[in-house]
$ cat structure_23.txt   # compact mmCIF, C-alpha atoms
# COMPACT_ATOMS: atom_id res chain seq x y z
CA MET A 756 5.75 25.49 -7.71
CA TRP A 757 4.06 22.20 -6.77
CA PHE A 758 3.72 21.28 -10.46
CA VAL A 759 7.43 21.91 -11.16
CA HIS A 760 8.38 19.84 -8.11
CA ALA A 761 6.03 17.06 -9.24
CA MET A 762 7.51 16.96 -12.75
CA LEU A 763 11.07 16.89 -11.39
CA THR A 764 10.01 13.99 -9.16
CA VAL A 765 8.57 12.18 -12.19
CA LEU A 766 11.85 12.57 -14.11
CA ALA A 767 14.02 11.50 -11.17
CA TRP A 768 11.96 8.47 -10.14
CA GLY A 769 11.52 7.38 -13.74
CA SER A 770 15.31 7.39 -14.07
CA ALA A 771 15.63 5.50 -10.79
CA ASP A 772 13.37 2.76 -12.15
CA LEU A 773 15.71 2.28 -15.10
CA PHE A 774 18.69 1.64 -12.82
CA TYR A 775 16.64 -0.54 -10.46
CA LYS A 776 15.88 -2.64 -13.50
CA LYS A 777 19.54 -2.78 -14.56
CA GLY A 778 20.81 -3.44 -11.04
CA ASN A 779 18.37 -6.18 -10.06
CA ASP A 780 20.12 -9.55 -9.72
CA PRO A 781 17.57 -12.42 -9.61
CA LYS A 782 20.37 -14.87 -8.78
CA ASP A 783 21.28 -13.02 -5.58
CA ARG A 784 18.95 -14.01 -2.73
CA TYR A 785 19.91 -10.81 -0.88
CA SER A 786 19.40 -8.51 -3.86
CA ALA A 787 16.41 -6.70 -2.34
CA VAL A 788 18.18 -6.22 0.99
CA LYS A 789 21.27 -4.82 -0.72
CA THR A 790 19.16 -2.39 -2.73
CA THR A 791 17.42 -1.21 0.44
CA ILE A 792 20.79 -0.72 2.14
CA ILE A 793 22.29 1.34 -0.67
CA VAL A 794 19.21 3.55 -0.99
CA GLY A 795 19.18 4.10 2.78
CA LEU A 796 22.87 5.01 2.87
CA VAL A 797 22.55 7.53 0.03
CA MET A 798 19.47 9.11 1.59
CA GLY A 799 21.17 9.31 4.97
CA LEU A 800 24.24 10.89 3.40
CA HIS A 801 22.01 13.47 1.73
CA ALA A 802 20.31 14.30 5.04
CA ILE A 803 23.63 14.75 6.84
CA VAL A 804 25.59 16.60 4.13
CA TYR A 805 22.90 18.73 2.49
CA TYR A 806 20.57 19.52 5.37
CA GLY A 807 23.08 19.33 8.21
CA VAL A 808 26.36 20.65 6.76
CA ILE A 809 25.34 22.84 3.80
CA GLU A 810 21.96 24.20 4.91
CA ARG A 811 22.82 23.97 8.63
CA ILE A 812 19.24 23.10 9.54
CA SER A 813 18.64 22.42 13.21
CA TYR A 814 16.89 19.08 13.41
CA ASP A 815 14.31 18.24 16.04
CA TRP A 816 14.95 14.56 16.81
CA MET A 817 11.40 14.17 18.12
CA ASN A 818 10.28 14.49 14.51
CA LEU A 819 11.94 11.14 13.86
CA ILE A 820 9.26 9.60 16.07
CA ARG A 821 6.42 11.86 14.89
CA TYR A 822 7.10 11.08 11.25
CA LEU A 823 7.69 7.36 11.82
CA PRO A 824 4.21 6.29 10.58
CA VAL A 825 4.94 7.96 7.23
CA SER A 826 8.56 6.77 7.03
CA SER A 827 7.61 3.19 7.83
CA MET A 828 4.99 3.18 5.07
CA TYR A 829 7.43 4.44 2.46
CA ILE A 830 10.35 2.22 3.49
CA GLY A 831 8.10 -0.81 3.84
CA SER A 832 6.55 -0.34 0.41
CA MET A 833 9.96 0.09 -1.22
CA ALA A 834 11.31 -3.05 0.46
CA VAL A 835 8.31 -5.01 -0.82
CA GLY A 836 8.90 -3.59 -4.29
CA TYR A 837 12.57 -4.56 -4.30
CA PHE A 838 11.75 -8.07 -3.14
CA GLY A 839 9.04 -8.40 -5.77
CA LEU A 840 11.55 -7.77 -8.55
CA ARG A 841 12.77 -11.34 -8.01
CA TYR A 842 9.40 -12.64 -9.18
CA ILE A 843 7.97 -10.14 -11.65
CA GLU A 844 9.31 -7.89 -14.39
CA VAL A 845 9.78 -4.26 -13.39
CA SER A 846 7.97 -3.14 -16.55
CA ILE A 847 4.86 -4.83 -15.15
CA SER A 848 5.31 -4.14 -11.46
CA SER A 849 6.17 -0.45 -11.87
CA PRO A 850 2.90 0.69 -13.51
CA ILE A 851 0.83 -1.33 -11.03
CA SER A 852 2.83 -0.03 -8.07
CA ASN A 853 2.51 3.52 -9.30
CA SER A 854 -1.27 3.27 -9.22
CA SER A 855 -0.83 4.11 -5.54
CA GLY A 856 -1.83 7.63 -6.56
CA ALA A 857 -5.38 6.33 -6.95
CA VAL A 858 -5.32 5.01 -3.37
CA THR A 859 -4.11 8.39 -2.11
CA ALA A 860 -6.73 10.27 -4.12
CA MET A 861 -9.52 8.03 -2.84
CA LEU A 862 -8.43 8.41 0.79
CA GLY A 863 -8.19 12.18 0.36
CA VAL A 864 -11.73 12.43 -0.98
CA ILE A 865 -13.26 10.05 1.58
CA LEU A 866 -11.40 11.03 4.75
CA LEU A 867 -10.34 14.64 4.19
CA GLY A 868 -13.14 15.92 1.99
CA ASN A 869 -10.84 16.91 -0.87
CA ARG A 870 -12.56 18.33 -3.90
CA ILE A 871 -11.36 18.76 -7.47
CA ASN A 872 -13.06 20.30 -10.47
CA GLY A 873 -14.22 18.39 -13.52
CA GLY A 874 -11.15 19.15 -15.61
CA GLN A 875 -8.75 18.01 -12.92
CA LEU A 876 -10.79 14.86 -12.29
CA PHE A 877 -10.70 14.08 -16.00
CA ALA A 878 -6.92 14.54 -16.04
CA VAL A 879 -6.42 12.28 -13.01
CA VAL A 880 -8.59 9.56 -14.57
CA LEU A 881 -6.59 9.79 -17.81
CA ILE A 882 -3.32 9.34 -15.94
CA LEU A 883 -4.55 6.38 -13.88
CA ILE A 884 -6.07 4.62 -16.90
CA GLY A 885 -2.87 5.22 -18.82
CA ILE A 886 -0.74 3.70 -16.07
CA LEU A 887 -2.88 0.54 -15.95
CA LEU A 888 -2.98 0.20 -19.75
CA LEU A 889 0.77 0.63 -19.86
CA SER A 890 1.15 -2.37 -17.57
CA VAL A 891 -1.05 -4.54 -19.78
CA LEU A 892 0.69 -3.49 -23.00
CA GLU A 893 4.13 -3.99 -21.51
CA LYS A 894 3.25 -7.58 -20.64
CA GLN A 895 1.88 -8.22 -24.12
CA ALA A 896 4.96 -6.73 -25.76
CA GLU A 897 7.36 -8.80 -23.66
CA ASP A 898 5.43 -12.02 -24.35
CA GLU A 899 5.53 -11.30 -28.09
CA GLU A 900 9.28 -10.65 -28.05
CA LEU A 901 9.92 -13.91 -26.16
CA LYS A 902 7.65 -15.82 -28.54
CA GLN A 903 9.46 -14.49 -31.62
CA ALA A 904 12.82 -15.34 -30.06
CA GLY A 905 11.63 -18.81 -29.10
CA VAL A 906 12.48 -18.19 -25.45
CA GLN A 907 10.45 -19.34 -22.47
CA PRO A 908 10.59 -17.03 -19.42
CA GLU A 909 11.94 -18.47 -16.19
CA GLU A 910 9.28 -19.90 -13.91
CA LYS A 911 9.84 -17.31 -11.19
CA TYR A 912 9.22 -14.48 -13.68
CA ARG A 913 5.99 -15.80 -15.08
CA PHE A 914 3.01 -13.57 -14.46
CA GLY A 915 0.86 -15.15 -11.78
CA ALA A 916 -1.19 -14.52 -8.67
CA LEU A 917 1.80 -14.86 -6.34
CA ALA A 918 3.95 -12.45 -8.32
CA ILE A 919 1.29 -9.78 -8.80
CA ILE A 920 0.68 -9.53 -5.06
CA PHE A 921 3.96 -7.65 -4.52
CA PRO A 922 3.17 -4.55 -6.62
CA ILE A 923 -0.38 -4.58 -5.25
CA ILE A 924 0.94 -4.54 -1.67
CA TYR A 925 3.33 -1.77 -2.68
CA MET A 926 0.45 0.20 -4.20
CA LEU A 927 -1.65 0.01 -1.02
CA ILE A 928 1.16 0.79 1.45
CA ASP A 929 2.68 3.57 -0.64
CA GLY A 930 -0.74 5.12 -1.25
CA MET A 931 -1.37 5.19 2.50
CA GLY A 932 2.08 6.70 3.05
CA THR A 933 1.40 9.50 0.57
CA PHE A 934 -1.97 10.14 2.21
CA LEU A 935 -0.34 10.41 5.64
CA ASP A 936 2.36 12.64 4.17
CA SER A 937 -0.27 15.02 2.86
CA TYR A 938 -2.05 14.92 6.23
CA TYR A 939 1.16 15.75 8.11
CA LEU A 940 2.45 18.50 5.81
CA GLU A 941 -0.60 20.06 4.19
CA TYR A 942 -3.53 19.67 6.57
CA LYS A 943 -2.04 19.56 10.05
CA GLN A 944 1.30 21.20 9.19
CA LEU A 945 2.95 19.20 11.96
CA MET A 946 6.43 20.00 10.66
CA SER A 947 8.26 21.71 7.82
CA GLU A 948 9.14 20.00 4.54
CA ASP A 949 12.82 19.93 5.52
CA GLN A 950 12.10 18.32 8.89
CA ALA A 951 9.86 15.72 7.25
CA ASN A 952 12.38 14.78 4.59
CA MET A 953 15.22 14.64 7.10
CA SER A 954 13.12 12.35 9.31
CA TYR A 955 12.44 9.99 6.43
CA GLU A 956 16.03 9.90 5.20
CA LEU A 957 17.52 9.44 8.66
CA THR A 958 15.06 6.63 9.40
CA PHE A 959 16.05 4.99 6.13
CA LEU A 960 19.72 5.37 7.14
CA PHE A 961 19.13 3.56 10.45
CA VAL A 962 17.30 0.77 8.63
CA ALA A 963 20.21 0.47 6.18
CA ILE A 964 22.77 0.26 8.98
CA PHE A 965 20.73 -2.42 10.74
CA LEU A 966 20.35 -4.48 7.55
CA MET A 967 24.03 -4.10 6.71
CA GLY A 968 24.94 -5.46 10.16
CA TYR A 969 22.45 -8.28 9.71
CA LEU A 970 23.98 -9.34 6.40
CA TYR A 971 27.54 -9.10 7.66
CA PHE A 972 27.24 -10.68 11.09
CA ARG A 973 24.36 -13.15 10.61
CA LYS A 974 24.65 -14.12 6.95
CA ASN A 975 28.36 -13.51 6.37
CA GLU A 976 27.41 -11.51 3.28
CA LYS A 977 29.29 -8.40 2.19
CA ILE A 978 28.29 -5.62 -0.18
CA HIS A 979 30.93 -4.66 -2.73
CA PHE A 980 29.94 -1.01 -3.05
CA PHE A 981 32.31 -0.21 -5.93
CA GLN A 982 30.56 -2.87 -8.00
CA GLU A 983 27.09 -1.45 -7.33
CA GLN A 984 27.02 1.41 -9.84
CA ASN A 985 23.48 0.71 -11.03
CA ARG A 986 22.06 0.45 -7.52
CA GLY A 987 24.03 3.56 -6.57
CA LEU A 988 22.57 5.57 -9.45
CA ALA A 989 19.10 4.26 -8.62
CA ALA A 990 19.57 5.42 -5.03
CA LEU A 991 20.81 8.82 -6.20
CA PHE A 992 17.79 9.42 -8.44
CA GLU A 993 15.48 8.06 -5.73
CA THR A 994 16.89 10.62 -3.28
CA VAL A 995 16.62 13.50 -5.75
CA GLY A 996 13.03 12.53 -6.47
CA GLN A 997 12.22 12.36 -2.77
CA PHE A 998 13.63 15.85 -2.28
CA PHE A 999 11.22 17.36 -4.81
CA TYR A 1000 8.38 15.00 -3.91
CA VAL A 1001 7.96 16.47 -0.44
CA GLY A 1002 7.56 19.94 -1.92
CA ALA A 1003 4.96 18.69 -4.38
CA ILE A 1004 2.86 16.93 -1.72
CA ALA A 1005 3.11 19.84 0.72
CA GLY A 1006 2.17 22.38 -1.95
CA LYS A 1007 -0.94 20.76 -3.43
CA GLN A 1008 -3.77 18.44 -2.46
CA ALA A 1009 -2.51 14.88 -2.69
CA VAL A 1010 -5.68 13.95 -4.60
CA ILE A 1011 -4.11 15.79 -7.55
CA ALA A 1012 -0.36 15.61 -6.92
CA ALA A 1013 -0.15 11.87 -6.16
CA PRO A 1014 -1.66 10.60 -9.44
CA LEU A 1015 0.52 13.03 -11.39
CA ILE A 1016 3.69 11.80 -9.69
CA SER A 1017 2.59 8.22 -10.29
CA SER A 1018 2.98 8.84 -14.02
CA TYR A 1019 6.75 8.46 -13.72
CA ALA A 1020 6.21 4.92 -15.01
CA ILE A 1021 6.14 6.32 -18.54
CA ILE A 1022 9.62 7.81 -18.03
CA SER A 1023 10.84 4.39 -16.93
CA VAL A 1024 9.40 2.76 -20.04
CA LEU A 1025 10.82 5.40 -22.38
CA LEU A 1026 14.29 5.23 -20.83
CA GLY A 1027 14.17 1.45 -21.03
CA ARG A 1028 13.50 1.75 -24.75
CA ILE A 1029 16.37 4.22 -25.21
CA PHE A 1030 19.09 2.69 -23.04
CA LEU A 1031 18.09 -0.97 -22.88
CA LYS A 1032 17.16 -1.13 -26.58
CA GLU A 1033 13.62 -2.22 -25.83
CA LYS A 1034 10.90 -1.41 -28.35
CA LEU A 1035 7.66 0.55 -28.15
CA ASN A 1036 4.66 -0.34 -30.28
CA TRP A 1037 2.07 2.15 -31.48
CA LYS A 1038 -0.37 1.24 -28.69
CA GLN A 1039 2.21 2.13 -26.05
CA TYR A 1040 2.86 5.46 -27.73
CA VAL A 1041 -0.88 6.19 -27.66
CA VAL A 1042 -1.06 5.38 -23.94
CA ILE A 1043 1.94 7.60 -23.21
CA ALA A 1044 0.25 10.39 -25.16
CA ILE A 1045 -2.90 9.93 -23.05
CA VAL A 1046 -0.89 10.25 -19.84
CA MET A 1047 0.91 13.32 -21.20
CA ILE A 1048 -2.45 14.94 -22.01
CA GLY A 1049 -3.50 14.39 -18.39
CA ILE A 1050 -0.26 15.96 -17.16
CA ILE A 1051 -0.71 18.98 -19.47
CA ILE A 1052 -4.28 19.50 -18.21
CA LEU A 1053 -3.12 19.50 -14.58
CA GLY A 1054 -0.35 21.93 -15.47
CA PHE A 1055 -2.90 24.20 -17.19
CA TYR A 1056 -5.11 24.32 -14.10
CA ASP A 1057 -2.10 24.99 -11.90
CA GLY A 1058 -1.17 27.93 -14.11
$ encode --input "structure_23.txt" --output "structure tokens"
Amino acid sequence: MWFVHAMLTVLAWGSADLFYKKGNDPKDRYSAVKTTIIVGLVMGLHAIVYYGVIERISYDWMNLIRYLPVSSMYIGSMAVGYFGLRYIEVSISSPISNSSGAVTAMLGVILLGNRINGGQLFAVVLILIGILLLSVLEKQAEDEELKQAGVQPEEKYRFGALAIIFPIIYMLIDGMGTFLDSYYLEYKQLMSEDQANMSYELTFLFVAIFLMGYLYFRKNEKIHFFQEQNRGLAALFETVGQFFYVGAIAGKQAVIAAPLISSYAIISVLLGRIFLKEKLNWKQYVVIAIVMIGIIILGFYDG
């Protein structure tokens, strides 16, 4: 089941990336904060309604503290990612950010003694190389389109050392979070998947409430929720992906599951081409095929 959960996570988070891209407002200085708030509110609503009301799961509030190291990594990395969208295109930041699976895999091998066979290692390498190549090709494609249109990108969106630091920070923090998640759920089995996900979503809810109060009382800034359809859809897909993600990480060594889930960048690129009328060149199709081969190999070994 871990492979099914991982693929559902890939589809959901790839869709979330599309709506993050559509909902990002570079002219709004509080854009990243508003995105964090909406995601936190949707996740908190899911925890309360689904786990609390529908499933009637009894929650141990001590798990909120126990799981805080993991929650803080995930929420922190996402906040950095949202903020970075003001300075770098999502089509570049997303593949780099999603290389966090390599960080998780490396930590699993070094610290936990994880082992994978040759076929699985080959598949993981294919996926990670594909993600990095996708980032490079996306940048080249965007530069070519701007050149043909005679348009110069805004200064704050030009690819540079300052801009690239955001997805790199995301990659490191998120990779550590996934590693800790695997340690909590798979190796130490400190809590169930439901308790872990509830802890994360409730923590995100408290962060959202705090930030909403900060914007309203300190910055006199309001969020017009009925005008935030794109951010709302992004939050919805983010929450759905998180739901299946926990099952994938708990059910398989993170050294394998994390790089596979990181491949959701290709879904983001494909959906951007379909719904945002962006174009794919033959090199990008080849890279996507390489990543798909890696995914198929992992699915074969799981079967």
$ atom_distance --input "structure_23.txt" --atom1 "atom CA of A:Val765" --atom2 "atom CA of A:Met1047"
11.9 Å
$ closest_residue --input "structure_23.txt" --among "A:Ser1017, A:Ala951, A:Ser770, A:Arg986" --to "A:Tyr806" --atoms "all atoms listed in the file"
A:Ala951
$ atom_distance --input "structure_23.txt" --atom1 "atom CA of A:Ile924" --atom2 "atom CA of A:Phe1030"
29.0 Å
$ atom_distance --input "structure_23.txt" --atom1 "atom CA of A:Val1024" --atom2 "atom CA of A:Ile978"
28.7 Å
$ residues_around --input "structure_23.txt" --residues "A:Val788" --least-positions-apart "3" --cutoff "10 Å" --atoms "all atoms listed in the file" --output "list in words"
Asp783, Arg784, Tyr785, Thr791, Ile792, Ile793, Ala834, Tyr837, Phe838, Ala963, Leu966, Met967, Tyr969 and Leu970 of chain A
$ closest_residue --input "structure_23.txt" --among "A:Asn985, A:Ser827, A:Ser852, A:Ser813" --to "A:Tyr955" --atoms "all atoms listed in the file"
A:Ser827
$ closest_residue --input "structure_23.txt" --among "A:Tyr925, A:Trp816, A:Trp757, A:Tyr822" --to "A:Tyr938" --atoms "only C-alpha atoms"
A:Tyr822
$ closest_residue --input "structure_23.txt" --among "A:Gly839, A:Thr764, A:Lys789, A:Leu819" --to "A:Phe961" --atoms "only C-alpha atoms"
A:Leu819
$ closest_residue --input "structure_23.txt" --among "A:Ile830, A:Ala989, A:Ala1012, A:Val1041" --to "A:Leu889" --atoms "all atoms listed in the file"
A:Val1041
$ residues_around --input "structure_23.txt" --residues "A:Val879" --least-positions-apart "4" --cutoff "7 Å" --atoms "all atoms listed in the file" --output "number ranges by chain"
A: 875, 883, 1011, 1014, 1049
$ residues_around --input "structure_23.txt" --residues "A:Ser937" --least-positions-apart "3" --cutoff "12 Å" --atoms "all atoms listed in the file" --output "PyMOL selection string"
chain A and resi 822+825+859-860+862-863+866-867+869+930-934+940-948+951+1000-1013
